[in-house]
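Structure data (compact mmCIF, C-alpha atoms) from coords_9.txt:
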# COMPACT_ATOMS: atom_id res chain seq x y z
CA MET A 276 -12.70 12.99 -25.05
CA ASP A 277 -10.66 9.87 -24.30
CA LEU A 278 -7.52 11.99 -24.32
CA VAL A 279 -8.94 14.45 -21.77
CA VAL A 280 -10.02 11.64 -19.42
CA PHE A 281 -6.63 9.96 -19.84
CA PHE A 282 -4.66 13.09 -18.97
CA VAL A 283 -6.83 14.05 -16.00
CA ALA A 284 -6.72 10.49 -14.60
CA SER A 285 -2.98 10.03 -15.12
CA VAL A 286 -2.11 13.44 -13.62
CA CYS A 287 -4.31 12.60 -10.61
CA ALA A 288 -2.68 9.18 -10.29
CA ILE A 289 0.88 10.56 -10.40
CA ALA A 290 0.14 13.48 -8.05
CA SER A 291 -1.55 11.24 -5.48
CA ALA A 292 1.29 8.71 -5.72
CA ILE A 293 3.79 11.49 -4.95
CA ALA A 294 1.58 12.54 -2.02
CA VAL A 295 1.59 8.95 -0.67
CA VAL A 296 5.39 8.85 -0.69
CA ALA A 297 5.97 12.42 0.56
CA GLN A 298 3.41 12.68 3.38
CA LYS A 299 4.66 12.15 6.91
CA ASN A 300 1.23 11.31 8.35
CA PRO A 301 0.30 7.73 7.29
CA PHE A 302 -3.40 8.61 7.49
CA VAL A 303 -3.01 11.25 4.75
CA SER A 304 -0.86 8.79 2.78
CA ALA A 305 -3.64 6.19 2.92
CA LEU A 306 -6.25 8.71 1.71
CA ALA A 307 -3.92 9.75 -1.14
CA LEU A 308 -3.57 6.08 -2.08
CA LEU A 309 -7.37 5.93 -2.25
CA ALA A 310 -7.31 8.75 -4.84
CA ASN A 311 -4.54 6.91 -6.69
CA LEU A 312 -6.64 3.72 -6.85
CA ALA A 313 -9.68 5.62 -8.13
CA SER A 314 -7.65 7.26 -10.92
CA LEU A 315 -6.17 3.88 -11.87
CA ALA A 316 -9.70 2.45 -12.06
CA ALA A 317 -10.58 5.28 -14.47
CA LEU A 318 -7.54 4.41 -16.61
CA MET A 319 -8.63 0.74 -16.62
CA LEU A 320 -12.12 1.79 -17.75
CA LEU A 321 -10.46 3.59 -20.67
CA LEU A 322 -8.84 0.25 -21.55
CA GLU A 323 -12.31 -1.33 -21.52
CA ALA A 324 -11.56 -3.57 -18.53
CA GLN A 325 -14.81 -2.90 -16.67
CA PHE A 326 -14.67 -5.89 -14.35
CA VAL A 327 -11.07 -5.29 -13.24
CA ALA A 328 -11.87 -1.61 -12.61
CA ALA A 329 -14.87 -2.57 -10.47
CA ALA A 330 -12.80 -5.18 -8.59
CA GLN A 331 -10.10 -2.55 -8.06
CA ILE A 332 -12.60 -0.25 -6.36
CA ILE A 333 -14.35 -2.99 -4.35
CA VAL A 334 -11.30 -5.00 -3.27
CA TYR A 335 -8.78 -2.20 -2.77
CA ALA A 336 -10.78 0.89 -1.91
CA GLY A 337 -13.41 -1.14 -0.09
CA ALA A 338 -11.53 -3.83 1.80
CA VAL A 339 -7.77 -3.31 1.80
CA MET A 340 -7.86 0.42 2.53
CA VAL A 341 -10.33 -0.03 5.41
CA MET A 342 -7.88 -2.51 6.94
CA PHE A 343 -5.05 -0.02 6.43
CA LEU A 344 -7.01 2.79 8.09
CA PHE A 345 -7.89 0.56 11.07
CA VAL A 346 -4.24 -0.34 11.65
CA ILE A 347 -3.13 3.30 11.22
CA ALA A 348 -5.73 4.34 13.80
CA TYR A 349 -4.54 1.51 16.10
CA VAL A 350 -0.88 2.51 15.82
CA GLY A 351 -1.69 6.20 16.31
CA PRO A 352 0.93 8.93 16.27
CA ARG A 353 3.76 6.39 16.62
CA GLY A 354 3.36 5.65 12.93
CA GLU A 355 4.36 9.19 11.97
CA ILE A 356 7.96 8.83 10.96
CA GLY A 357 9.56 11.25 8.53
CA PRO A 358 12.20 10.40 5.94
CA GLY A 359 14.84 10.93 8.64
CA VAL A 360 18.53 11.53 8.24
CA ARG A 361 20.18 9.31 5.68
CA LYS A 362 23.58 9.34 4.09
CA PRO A 363 23.14 11.72 1.11
CA TRP A 364 24.94 9.43 -1.33
CA LEU A 365 22.57 6.60 -0.33
CA VAL A 366 19.52 8.77 -1.08
CA ALA A 367 21.04 9.91 -4.38
CA LEU A 368 21.86 6.33 -5.35
CA SER A 369 18.31 5.11 -4.54
CA VAL A 370 16.65 7.90 -6.54
CA PHE A 371 19.12 7.42 -9.41
CA ALA A 372 18.47 3.67 -9.58
CA ALA A 373 14.70 4.19 -9.50
CA LEU A 374 14.81 6.91 -12.18
CA LEU A 375 17.06 4.68 -14.30
CA ILE A 376 14.34 2.02 -14.34
CA ALA A 377 11.69 4.61 -15.26
CA VAL A 378 13.73 6.11 -18.11
CA GLU A 379 14.62 2.66 -19.39
CA VAL A 380 11.02 1.48 -19.45
CA VAL A 381 9.67 4.71 -20.96
CA VAL A 382 12.32 4.74 -23.73
CA VAL A 383 11.77 1.08 -24.59
CA VAL A 384 7.98 1.35 -24.49
CA MET A 385 7.78 4.56 -26.52
CA GLY A 386 10.22 3.22 -29.10
CA ALA A 387 8.72 -0.26 -29.39
CA SER A 388 6.41 -1.03 -32.27
CA LEU A 389 3.58 -2.81 -30.54
CA GLY A 390 1.54 -3.14 -33.70
CA THR A 391 -2.07 -2.13 -34.11
CA VAL A 392 -4.50 -2.46 -31.27
CA VAL A 393 -7.15 -5.06 -32.05
CA THR A 394 -10.77 -3.99 -32.04
CA VAL A 395 -12.85 -5.72 -29.41
CA ASP A 396 -16.58 -6.34 -29.13
CA ALA A 397 -18.84 -5.32 -26.26
CA SER A 398 -18.32 -8.53 -24.28
CA TYR A 399 -14.58 -7.77 -23.83
CA GLY A 400 -13.71 -7.32 -20.16
CA SER A 401 -17.23 -8.17 -18.97
CA PRO A 402 -17.69 -10.24 -15.79
CA ALA A 403 -18.93 -13.15 -17.90
CA ALA A 404 -15.78 -13.27 -20.04
CA ILE A 405 -13.42 -12.90 -17.06
CA GLY A 406 -15.35 -15.43 -14.99
CA GLU A 407 -15.26 -17.97 -17.79
CA ALA A 408 -11.48 -17.58 -18.14
CA LEU A 409 -11.06 -17.87 -14.34
CA VAL A 410 -12.90 -21.16 -13.98
CA THR A 411 -11.67 -22.81 -17.18
CA ASP A 412 -8.14 -21.86 -18.26
CA TYR A 413 -6.97 -20.45 -14.91
CA LEU A 414 -8.77 -22.73 -12.43
CA LEU A 415 -5.51 -23.78 -10.73
CA ALA A 416 -4.36 -20.17 -10.21
CA PHE A 417 -7.83 -19.31 -8.87
CA GLU A 418 -7.71 -22.13 -6.31
CA VAL A 419 -4.12 -21.36 -5.30
CA VAL A 420 -5.08 -17.73 -4.63
CA SER A 421 -7.88 -18.87 -2.35
CA VAL A 422 -5.47 -21.11 -0.40
CA ILE A 423 -2.95 -18.25 -0.12
CA LEU A 424 -5.67 -15.88 1.14
CA PHE A 425 -6.66 -18.46 3.77
CA MET A 426 -3.03 -18.83 4.89
CA ALA A 427 -2.71 -15.04 5.08
CA ALA A 428 -5.84 -14.83 7.24
CA VAL A 429 -4.40 -17.43 9.64
CA ALA A 430 -1.06 -15.57 9.69
CA GLY A 431 -2.83 -12.27 10.39
CA VAL A 432 -4.63 -13.80 13.40
CA VAL A 433 -1.40 -15.37 14.71
CA PHE A 434 0.58 -12.12 14.35
CA GLY A 435 -2.15 -9.86 15.62
CA ALA A 436 -3.63 -11.88 18.48
CA GLY A 437 -0.81 -14.27 19.41
CA GLY A 438 1.23 -13.58 22.53
CA ARG A 439 0.52 -11.13 25.26
CA PRO A 440 1.03 -7.39 24.88
CA VAL A 441 4.27 -6.47 26.64
CA ARG A 442 3.96 -3.68 29.18
CA LEU A 443 7.25 -2.02 30.04
CA SER A 444 7.97 -1.56 33.72
CA ALA A 445 9.19 1.80 34.98
CA ASP A 446 12.79 0.51 35.08
CA GLN A 447 12.67 -0.61 31.46
CA VAL A 448 11.16 2.70 30.34
CA LEU A 449 13.91 4.46 32.29
CA ALA A 450 16.57 2.41 30.54
CA LYS A 451 14.95 2.97 27.15
CA GLU A 452 13.78 6.55 27.11
CA GLY A 453 15.35 8.29 30.09
CA GLU A 454 14.04 9.92 33.25
CA SER A 455 11.79 12.50 31.63
CA ALA A 456 9.72 9.78 29.91
CA VAL A 457 8.91 8.10 33.23
CA GLU A 458 7.96 11.46 34.70
CA ARG A 459 5.74 12.17 31.69
CA ARG A 460 3.96 8.83 32.00
CA ARG A 461 3.40 9.33 35.72
CA GLU A 462 1.99 12.79 34.98
CA ALA A 463 -0.31 11.41 32.28
CA SER A 464 -1.70 8.64 34.51
CA ARG A 465 -2.27 11.13 37.33
CA ALA A 466 -4.16 13.42 34.94
CA ALA A 467 -6.26 10.49 33.70
CA LEU A 468 -7.08 9.54 37.29
CA GLU A 469 -8.15 13.12 38.08
CA ALA A 470 -10.32 13.23 35.00
CA ALA A 471 -11.99 9.93 35.95
CA ARG A 472 -12.65 11.16 39.48
CA ASP A 473 -14.08 14.45 38.16
CA SER A 474 -16.44 12.66 35.80
CA THR A 475 -17.73 10.27 38.51
CA THR A 476 -18.38 13.11 40.99
CA GLY A 477 -20.08 15.10 38.26
CA GLU A 478 -22.40 12.18 37.50
CA SER A 479 -23.30 11.55 41.15
CA ALA A 480 -24.07 15.28 41.62
CA ARG A 481 -26.43 15.08 38.70
CA MET B 65 -9.36 4.40 -29.14
CA SER B 66 -7.48 7.68 -29.39
CA VAL B 67 -4.95 7.07 -26.58
CA GLY B 68 -2.14 4.71 -27.50
CA ILE B 69 -1.17 1.74 -25.33
CA PRO B 70 2.42 3.11 -24.86
CA MET B 71 0.98 6.12 -23.03
CA PHE B 72 -0.60 3.83 -20.42
CA LEU B 73 2.67 1.92 -20.10
CA ALA B 74 4.58 5.18 -19.54
CA VAL B 75 2.17 6.27 -16.78
CA SER B 76 2.57 2.83 -15.22
CA ALA B 77 6.39 3.11 -15.32
CA ILE B 78 6.27 6.54 -13.63
CA LEU B 79 3.96 5.23 -10.89
CA PHE B 80 6.21 2.20 -10.38
CA THR B 81 9.23 4.51 -9.95
CA ILE B 82 7.42 6.70 -7.39
CA GLY B 83 6.45 3.61 -5.41
CA LEU B 84 10.01 2.26 -5.62
CA ILE B 85 11.45 5.54 -4.31
CA GLY B 86 8.95 5.36 -1.44
CA VAL B 87 9.96 1.80 -0.55
CA LEU B 88 13.67 2.70 -0.69
CA LEU B 89 13.60 6.00 1.21
CA ARG B 90 10.80 5.87 3.78
CA ARG B 91 11.36 4.37 7.23
CA SER B 92 7.79 3.86 8.50
CA PRO B 93 6.61 0.29 7.76
CA LEU B 94 3.08 1.63 7.12
CA THR B 95 4.27 4.00 4.40
CA ILE B 96 6.47 1.29 2.90
CA LEU B 97 3.40 -0.96 2.59
CA LEU B 98 1.42 1.88 0.98
CA SER B 99 4.26 2.50 -1.53
CA LEU B 100 4.30 -1.23 -2.27
CA GLU B 101 0.60 -0.98 -3.14
CA ILE B 102 1.42 1.75 -5.69
CA MET B 103 4.01 -0.54 -7.32
CA LEU B 104 1.60 -3.50 -7.49
CA ASN B 105 -1.17 -1.35 -8.93
CA SER B 106 1.07 0.16 -11.61
CA VAL B 107 1.95 -3.37 -12.73
CA ASN B 108 -1.78 -4.17 -12.78
CA LEU B 109 -2.27 -1.23 -15.17
CA THR B 110 0.49 -2.65 -17.41
CA LEU B 111 -1.19 -6.07 -17.46
CA VAL B 112 -4.57 -4.58 -18.35
CA ALA B 113 -3.00 -2.41 -21.08
CA PHE B 114 -1.24 -5.37 -22.72
CA SER B 115 -4.44 -7.39 -22.41
CA ARG B 116 -6.24 -4.65 -24.36
CA GLN B 117 -3.44 -4.66 -26.96
CA VAL B 118 -3.78 -8.40 -27.58
CA GLY B 119 -7.55 -8.50 -27.11
CA GLY B 120 -7.69 -11.49 -24.75
CA SER B 121 -8.84 -11.73 -21.15
CA ASP B 122 -5.63 -13.42 -19.92
CA GLY B 123 -3.98 -10.20 -18.74
CA GLN B 124 -7.07 -9.18 -16.79
CA VAL B 125 -7.21 -12.55 -15.03
CA PHE B 126 -3.53 -12.05 -14.17
CA ALA B 127 -4.36 -8.60 -12.73
CA LEU B 128 -7.11 -10.10 -10.57
CA VAL B 129 -4.70 -12.75 -9.24
CA VAL B 130 -2.18 -9.99 -8.42
CA MET B 131 -4.95 -8.19 -6.49
CA GLY B 132 -5.60 -11.32 -4.42
CA ILE B 133 -1.91 -11.79 -3.65
CA ALA B 134 -1.60 -8.09 -2.75
CA ALA B 135 -4.45 -8.46 -0.26
CA ALA B 136 -2.67 -11.46 1.33
CA GLU B 137 0.59 -9.48 1.50
CA VAL B 138 -1.15 -6.53 3.17
CA VAL B 139 -2.70 -8.82 5.80
CA VAL B 140 0.71 -10.26 6.73
CA GLY B 141 2.42 -6.83 6.67
CA LEU B 142 -0.22 -5.13 8.80
CA GLY B 143 -0.24 -8.11 11.16
CA LEU B 144 3.49 -7.57 11.69
CA VAL B 145 2.92 -3.84 12.33
CA VAL B 146 0.23 -4.64 14.92
CA ALA B 147 2.49 -7.24 16.58
CA MET B 148 5.32 -4.67 16.72
CA THR B 149 3.01 -2.10 18.28
CA ARG B 150 1.76 -4.58 20.90
CA ARG B 151 5.34 -5.41 21.89
CA SER B 152 6.14 -1.68 22.29
CA MET B 153 8.76 -1.79 19.57
CA VAL B 154 9.81 1.29 17.62
CA LEU B 155 8.03 1.51 14.25
CA ASP B 156 11.17 2.41 12.33
CA THR B 157 12.84 0.11 9.83
CA ASP B 158 16.24 1.69 10.56
CA GLU B 159 15.95 0.72 14.25
CA LEU B 160 14.92 -2.89 13.56
CA ARG B 161 18.38 -4.28 12.97
CA THR B 162 18.46 -7.30 15.26
CA LEU B 163 19.19 -9.57 12.31
CA ASN B 164 21.85 -7.19 10.94
CA GLY B 165 25.16 -8.96 11.47

Representation of the structure as structure tokens:
Amino acid sequence: MDLVVFFVASVCAIASAIAVVAQKNPFVSALALLANLASLAALMLLLEAQFVAAAQIIVYAGAVMVMFLFVIAYVGPRGEIGPGVRKPWLVALSVFAALLIAVEVVVVVMGASLGTVVTVDASYGSPAAIGEALVTDYLLAFEVVSVILFMAAVAGVVFGAGGRPVRLSADQVLAKEGESAVERRREASRAALEAARDSTTGESAR
Amino acid sequence: MSVGIPMFLAVSAILFTIGLIGVLLRRSPLTILLSLEIMLNSVNLTLVAFSRQVGGSDGQVFALVVMGIAAAEVVVGLGLVVAMTRRSMVLDTDELRTLNG
């Protein structure tokens, strides 16, 4: 039974990870990462780490992924960037280096004699056990994480809200994207204006 | 437990490699951040697996701390993406080469 759950969860995790990396649309990538996190939580449950699995779902799937989806929706279609054209030897070198790490780790781990796995009682991995370790042995790390999270929140506000959004003038757009882009923008604003006028006349008629 | 700890470590190594390939080859900052999350989570799985091997709660506390740091990293990364979007910059890591000498 454990073996079946392990194989289903690990195949799901690896397939969704490949989907995250291969998808062009960041929205689909984010949803694939959600599946990846859920499968990893299942693997952690197999290792009897109930609290970490629950935190994984609540913190990642609940909070971090919602933030990701908001930013992806904010950025819109501009975020869709494919792998693009790279020098082939650079791609080959990157994949080779990454695979080298994987092979190395798998060979070492499979060949290592880790000894027997200890048997644990029911309280292993429970919120009480983890909480006790957090506020006794690891109190400093716990406090430092809270300070780092606070600093990150301040940095997020400064990056996200600081400064004024820069609107390009027609000249700058011309210099950047060429004549057709300016024409397209003019066309789009005209269409938006028409649509607004149509909707207001429609409402007054009603 | 019928599944050995090395099996979990192997899955974690494969996930880490996939995330690494994503970070190295993709150009969209959003996808790079998502691949980074895969790498961090695979390391979390390793920590939990070793914690189960030894039978202490230290590895799980470590995994929780990594989760907190990952959340902070995502906030800063996404803040940069939003700032880039507001300044009408191209969301492409190959185009952002102002600091490239």

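Of the listed residues B:Phe126, B:Leu104, B:Leu94, B:Leu88, the one whose atoms come nearest to Ser76 (chain B) is B:Leu104, with distances taken using all atoms listed in the file.
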
Contact check, chain A to chain B, at most 7 Å, counting only C-alpha atoms, closest pairs as JSON lines:
{"residue": "A:Asp277", "atom": "CA", "partner": "B:Ser66", "partner_atom": "CA", "distance": 6.4}
{"residue": "A:Leu278", "atom": "CA", "partner": "B:Val67", "partner_atom": "CA", "distance": 6.0}
{"residue": "A:Ser285", "atom": "CA", "partner": "B:Val75", "partner_atom": "CA", "distance": 6.6}
{"residue": "A:Ile289", "atom": "CA", "partner": "B:Leu79", "partner_atom": "CA", "distance": 6.2}
{"residue": "A:Ala292", "atom": "CA", "partner": "B:Ile82", "partner_atom": "CA", "distance": 6.7}
{"residue": "A:Ile293", "atom": "CA", "partner": "B:Ile82", "partner_atom": "CA", "distance": 6.5}
{"residue": "A:Val296", "atom": "CA", "partner": "B:Gly86", "partner_atom": "CA", "distance": 5.0}
{"residue": "A:Pro301", "atom": "CA", "partner": "B:Thr95", "partner_atom": "CA", "distance": 6.2}
{"residue": "A:Ala305", "atom": "CA", "partner": "B:Leu98", "partner_atom": "CA", "distance": 6.9}
{"residue": "A:Met319", "atom": "CA", "partner": "B:Leu109", "partner_atom": "CA", "distance": 6.8}
{"residue": "A:Leu322", "atom": "CA", "partner": "B:Arg116", "partner_atom": "CA", "distance": 6.2}
{"residue": "A:Val327", "atom": "CA", "partner": "B:Gln124", "partner_atom": "CA", "distance": 6.6}
{"residue": "A:Val339", "atom": "CA", "partner": "B:Ala135", "partner_atom": "CA", "distance": 6.5}
{"residue": "A:Val346", "atom": "CA", "partner": "B:Leu142", "partner_atom": "CA", "distance": 6.9}
{"residue": "A:Val350", "atom": "CA", "partner": "B:Thr149", "partner_atom": "CA", "distance": 6.5}
{"residue": "A:Arg353", "atom": "CA", "partner": "B:Leu155", "partner_atom": "CA", "distance": 6.9}
{"residue": "A:Gly354", "atom": "CA", "partner": "B:Leu155", "partner_atom": "CA", "distance": 6.4}
{"residue": "A:Ile356", "atom": "CA", "partner": "B:Ser92", "partner_atom": "CA", "distance": 5.5}
{"residue": "A:Pro358", "atom": "CA", "partner": "B:Arg90", "partner_atom": "CA", "distance": 5.2}
{"residue": "A:Val366", "atom": "CA", "partner": "B:Leu89", "partner_atom": "CA", "distance": 6.9}
{"residue": "A:Ser369", "atom": "CA", "partner": "B:Leu88", "partner_atom": "CA", "distance": 6.5}
{"residue": "A:Val370", "atom": "CA", "partner": "B:Ile85", "partner_atom": "CA", "distance": 6.1}
{"residue": "A:Ala373", "atom": "CA", "partner": "B:Thr81", "partner_atom": "CA", "distance": 5.5}
{"residue": "A:Leu374", "atom": "CA", "partner": "B:Thr81", "partner_atom": "CA", "distance": 6.5}
{"residue": "A:Ala377", "atom": "CA", "partner": "B:Ala77", "partner_atom": "CA", "distance": 5.5}
{"residue": "A:Val380", "atom": "CA", "partner": "B:Ala77", "partner_atom": "CA", "distance": 6.4}
{"residue": "A:Val381", "atom": "CA", "partner": "B:Ala74", "partner_atom": "CA", "distance": 5.3}
{"residue": "A:Val384", "atom": "CA", "partner": "B:Pro70", "partner_atom": "CA", "distance": 5.8}
{"residue": "A:Met385", "atom": "CA", "partner": "B:Pro70", "partner_atom": "CA", "distance": 5.8}
{"residue": "A:Val392", "atom": "CA", "partner": "B:Gln117", "partner_atom": "CA", "distance": 5.0}
{"residue": "A:Val393", "atom": "CA", "partner": "B:Gly119", "partner_atom": "CA", "distance": 6.0}
{"residue": "A:Val395", "atom": "CA", "partner": "B:Gly119", "partner_atom": "CA", "distance": 6.4}
{"residue": "A:Gly400", "atom": "CA", "partner": "B:Ser121", "partner_atom": "CA", "distance": 6.6}
{"residue": "A:Ile405", "atom": "CA", "partner": "B:Ser121", "partner_atom": "CA", "distance": 6.3}
{"residue": "A:Leu409", "atom": "CA", "partner": "B:Val125", "partner_atom": "CA", "distance": 6.6}
{"residue": "A:Val420", "atom": "CA", "partner": "B:Gly132", "partner_atom": "CA", "distance": 6.4}
{"residue": "A:Ile423", "atom": "CA", "partner": "B:Ala136", "partner_atom": "CA", "distance": 6.9}
{"residue": "A:Leu424", "atom": "CA", "partner": "B:Ala136", "partner_atom": "CA", "distance": 5.3}
{"residue": "A:Ala427", "atom": "CA", "partner": "B:Ala136", "partner_atom": "CA", "distance": 5.2}
{"residue": "A:Ala428", "atom": "CA", "partner": "B:Val139", "partner_atom": "CA", "distance": 6.9}
{"residue": "A:Ala430", "atom": "CA", "partner": "B:Val140", "partner_atom": "CA", "distance": 6.3}
{"residue": "A:Gly431", "atom": "CA", "partner": "B:Gly143", "partner_atom": "CA", "distance": 5.0}
{"residue": "A:Phe434", "atom": "CA", "partner": "B:Gly143", "partner_atom": "CA", "distance": 5.2}
{"residue": "A:Gly435", "atom": "CA", "partner": "B:Gly143", "partner_atom": "CA", "distance": 5.2}
{"residue": "A:Pro440", "atom": "CA", "partner": "B:Arg150", "partner_atom": "CA", "distance": 4.9}
{"residue": "A:Val441", "atom": "CA", "partner": "B:Arg151", "partner_atom": "CA", "distance": 5.0}

Discussion item. Could you tell me how far CA of Ala348 (chain A) sits from CA of Arg472 (chain A), in Å to one decimal place?
Written reply: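 Interatomic distance, CA of Arg472 (chain A) to CA of Ala348 (chain A): 27.5 Å.
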
Would you give the centre and edge lengths, in Å to one decimal, of a box along x, y and z around the listed atoms of region 324-342 of chain A, with 6 Å added to each side, as JSON?
{"center_x": -11.3, "center_y": -2.5, "center_z": -5.8, "size_x": 19.1, "size_y": 18.8, "size_z": 37.5}

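Take CA of Ala297 (chain A) and CA of Ile347 (chain A): the distance between them is 16.7 Å.
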
Worksheet item: Could you state the separation of CA of Cys287 (chain A) and CA of Asn311 (chain A) in Å, given to one decimal place?
Response: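 It comes out at 6.9 Å.
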
Worksheet item: From the set A:Pro402, A:Val410, A:Lys362, A:Thr391, which residue has the shortest atom-to-atom contact distance to Ala330 (chain A), counting only C-alpha atoms?
Response: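 Looking at the shortest contact to Ala330 (chain A), the residue is A:Pro402.
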
For region 135-142 of chain B, supply all heavy atoms and report the output as a PDB file, keeping the file's coordinate frame.
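selection25.pdb written:
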ATOM      1  N   ALA B 135      -3.649  -8.480  -1.486  1.00  0.00           N
ATOM      2  CA  ALA B 135      -4.450  -8.460  -0.260  1.00  0.00           C
ATOM      3  C   ALA B 135      -3.810  -9.352   0.798  1.00  0.00           C
ATOM      4  O   ALA B 135      -3.710  -8.971   1.968  1.00  0.00           O
ATOM      5  CB  ALA B 135      -5.875  -8.930  -0.568  1.00  0.00           C
ATOM      6  N   ALA B 136      -3.325 -10.556   0.382  1.00  0.00           N
ATOM      7  CA  ALA B 136      -2.670 -11.460   1.330  1.00  0.00           C
ATOM      8  C   ALA B 136      -1.420 -10.800   1.919  1.00  0.00           C
ATOM      9  O   ALA B 136      -1.170 -10.860   3.128  1.00  0.00           O
ATOM     10  CB  ALA B 136      -2.314 -12.766   0.641  1.00  0.00           C
ATOM     11  N   GLU B 137      -0.648 -10.128   1.055  1.00  0.00           N
ATOM     12  CA  GLU B 137       0.590  -9.480   1.500  1.00  0.00           C
ATOM     13  C   GLU B 137       0.300  -8.364   2.505  1.00  0.00           C
ATOM     14  O   GLU B 137       0.998  -8.207   3.509  1.00  0.00           O
ATOM     15  CB  GLU B 137       1.323  -8.943   0.258  1.00  0.00           C
ATOM     16  CG  GLU B 137       2.437  -7.986   0.513  1.00  0.00           C
ATOM     17  CD  GLU B 137       2.052  -6.583   0.149  1.00  0.00           C
ATOM     18  OE1 GLU B 137       1.364  -6.401  -0.881  1.00  0.00           O
ATOM     19  OE2 GLU B 137       2.405  -5.660   0.888  1.00  0.00           O
ATOM     20  N   VAL B 138      -0.789  -7.611   2.251  1.00  0.00           N
ATOM     21  CA  VAL B 138      -1.150  -6.530   3.170  1.00  0.00           C
ATOM     22  C   VAL B 138      -1.546  -7.095   4.529  1.00  0.00           C
ATOM     23  O   VAL B 138      -1.178  -6.542   5.568  1.00  0.00           O
ATOM     24  CB  VAL B 138      -2.289  -5.688   2.562  1.00  0.00           C
ATOM     25  CG1 VAL B 138      -2.942  -4.832   3.623  1.00  0.00           C
ATOM     26  CG2 VAL B 138      -1.751  -4.828   1.462  1.00  0.00           C
ATOM     27  N   VAL B 139      -2.285  -8.222   4.524  1.00  0.00           N
ATOM     28  CA  VAL B 139      -2.700  -8.820   5.800  1.00  0.00           C
ATOM     29  C   VAL B 139      -1.473  -9.187   6.622  1.00  0.00           C
ATOM     30  O   VAL B 139      -1.382  -8.865   7.814  1.00  0.00           O
ATOM     31  CB  VAL B 139      -3.576 -10.069   5.551  1.00  0.00           C
ATOM     32  CG1 VAL B 139      -3.749 -10.853   6.834  1.00  0.00           C
ATOM     33  CG2 VAL B 139      -4.922  -9.656   5.013  1.00  0.00           C
ATOM     34  N   VAL B 140      -0.488  -9.848   5.995  1.00  0.00           N
ATOM     35  CA  VAL B 140       0.710 -10.260   6.730  1.00  0.00           C
ATOM     36  C   VAL B 140       1.492  -9.022   7.202  1.00  0.00           C
ATOM     37  O   VAL B 140       1.926  -8.943   8.356  1.00  0.00           O
ATOM     38  CB  VAL B 140       1.575 -11.182   5.861  1.00  0.00           C
ATOM     39  CG1 VAL B 140       2.868 -11.504   6.566  1.00  0.00           C
ATOM     40  CG2 VAL B 140       0.833 -12.458   5.566  1.00  0.00           C
ATOM     41  N   GLY B 141       1.662  -8.029   6.308  1.00  0.00           N
ATOM     42  CA  GLY B 141       2.420  -6.830   6.670  1.00  0.00           C
ATOM     43  C   GLY B 141       1.779  -6.074   7.812  1.00  0.00           C
ATOM     44  O   GLY B 141       2.444  -5.698   8.789  1.00  0.00           O
ATOM     45  N   LEU B 142       0.464  -5.863   7.732  1.00  0.00           N
ATOM     46  CA  LEU B 142      -0.220  -5.130   8.800  1.00  0.00           C
ATOM     47  C   LEU B 142      -0.244  -5.938  10.083  1.00  0.00           C
ATOM     48  O   LEU B 142      -0.164  -5.381  11.177  1.00  0.00           O
ATOM     49  CB  LEU B 142      -1.633  -4.762   8.362  1.00  0.00           C
ATOM     50  CG  LEU B 142      -1.703  -3.681   7.280  1.00  0.00           C
ATOM     51  CD1 LEU B 142      -3.148  -3.386   6.940  1.00  0.00           C
ATOM     52  CD2 LEU B 142      -1.006  -2.423   7.695  1.00  0.00           C
TER      53      LEU B 142
END
